[in-house]
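Student: The structure's right below; bear with me while I get my questions together.
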Amino acid sequence: MKIDKRQRDGATILDLQGRITIGEGDVALREAVLAAVGEGATNILLNMGRVRSIDSSGVGELVAAYTTVTNRGGKLRLFSLPKRVLGVLEITQLITVLDILEDEDEAVASVA
Amino acid sequence: MPEPVQQTIRLSIDSRYENIELVQAVLDETLESLPIDEETGYWMGIALREALTNAIKHGNALDPEKKVDVCLAVGESGLDITVEDQGSGFDPGAVADPLAPDNLLKTEGRGIFYMRRFMDKIDYDFGAEGGTKVRLHKEFDASGGSAEANQGGANED
């Protein structure tokens with residue numbers, strides 16, 4: 001899992017690439033979100049476009065990231081979800097909880 | 001596609017997460033010669049990864065001295081995958097429903113749900129001296145694809 005961080009219009013965007021699976025991307029995602037929060041980021045956008053796969057541990061980390069950010073008064077959005085990643089979130093009904101946007105422009109506008 | 005060659009493949013791995021990739025690679029190669037389409041094979045891989053994760057994390061408590069035994073058995077009509085750990089077992093009936101409103105934001109507890117969702121059948125055996133064996137089954141499709149070619153195709157039981 002590779003994660004690059006950038007800023008756009010006051011939002012912190014994390015570009016995720018690879019797998020969010022146990023022992024690999026799950027820890028990397030957790031550390032990246034906590035680092036961004038620690039640096040004062042309140043609006044964090046996860047670019048999922050290049051996430052190849054996700055398992056239940058990865059899903060758990062997405063939920064943890066969401067609660068971490070929202071409990072501190074911030075906003076966490078996901079955008080550009082590949083079909084398979086979206087499918088995993090759909091069947092556990094997390095699309096009703098997590099804030100999922102179509103693309104980066106929508107995600108940025110949603111926290112502006 | 002010709003009839004699948006009935007065969008049994010056995011692996012025994014140390015309880016380390018990186019070994020999940022090894023088993024996934026064996027599954028991927030096995031699936032290449034079976035009447036299971038790529039999409040269904042992908043979801044089967046997720047189910048297998050969840051079973052391995054449970055065995056390594058919950059069953060063997062990340063003790064690398066403990067083994068996880070995996071068996072892929074190609075039968076006439078489907079593929080059976082068994083994953084057996086050396087832990088102390090658990091009660092499948094006590095696993096919370098991840099779709100319950102109070103559980104939606106929990107960070108754990110979805111692995112078994114995904115296994116049930118992505119496979120046609122799962123069941124458990126518990127050894128008299130400990131250890132949990134989970135058996136995952138997927139039927140072949142007579143038309144050459146899979147019986148349920150999407151992530152929503154399994155039984156909820």
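In the structure tokens, the first chain shown is A, the next is B, and so on; residue numbers restart at 1 for each chain, and ligands run from 1 in the order shown.
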Identify all chain B residues at most 8 Å from chain A by counting only C-alpha atoms; ligands do not count. Present them as a list of chain:residue names.

Tutor: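 Close enough to count are B:Tyr17, B:Glu18, B:Ile46, B:Arg49, B:Glu50, B:Thr53, B:Pro98, B:Leu99, B:Leu104, B:Leu105, B:Lys106, B:Thr107, B:Glu108, B:Gly109, B:Arg110, B:Gly111, B:Tyr114, B:Gln151, B:Gly152.
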
Student: May I have the residues within 7 Å of Asp69 (chain B) as JSON, numbers by chain, using only C-alpha atoms and disregarding those fewer than 2 positions away in the same chain?

Tutor: {"B": [11, 12, 13, 67, 71, 83, 84, 85]}

Student: Using C-alpha atoms, can you write the selected residues to a file as a PDB file, in the first residue's frame?

Tutor:
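File written: result_21.pdb
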ATOM      1  CA  LEU B  11      -0.524 -26.431   2.496  1.00  0.00           C
ATOM      2  CA  SER B  12       0.642 -25.803   6.017  1.00  0.00           C
ATOM      3  CA  ILE B  13       1.711 -22.264   6.875  1.00  0.00           C
ATOM      4  CA  LYS B  67       0.277 -23.826  11.991  1.00  0.00           C
ATOM      5  CA  CYS B  71      -6.764 -27.805   1.785  1.00  0.00           C
ATOM      6  CA  VAL B  83      -8.734 -23.823   6.815  1.00  0.00           C
ATOM      7  CA  GLU B  84      -7.775 -25.335  10.162  1.00  0.00           C
ATOM      8  CA  ASP B  85      -6.043 -23.625  13.062  1.00  0.00           C
TER       9      ASP B  85
END

Student: Fewer than 3 positions away in the same chain doesn't count, so skip those; otherwise give me all residues within 6 Å of Ile13 (chain A), counting only C-alpha atoms, as a list in words.

Tutor: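 Counting only the stated atoms, we get Lys5, Arg6, Gln7, Ile44, Leu45 and Leu46 of chain A.
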
Student: Could you give me the residues within region 29-123 of chain B that DSSP places in alpha helix (DSSP H), as a list in words?

Tutor: Glu29, Thr30, Leu31, Glu38, Glu39, Thr40, Gly41, Tyr42, Trp43, Met44, Gly45, Ile46, Ala47, Leu48, Arg49, Glu50, Ala51, Leu52, Thr53, Gly111, Ile112, Phe113, Tyr114, Met115, Arg116, Arg117 and Phe118 of chain B

Student: Pick out the closest residue to Pro64 (chain B) from this set: B:Ala51, B:Gly130, B:Ser15, B:Ile9. Count only C-alpha atoms.

Tutor: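 Closest to Pro64 (chain B), using only C-alpha atoms: B:Ser15.
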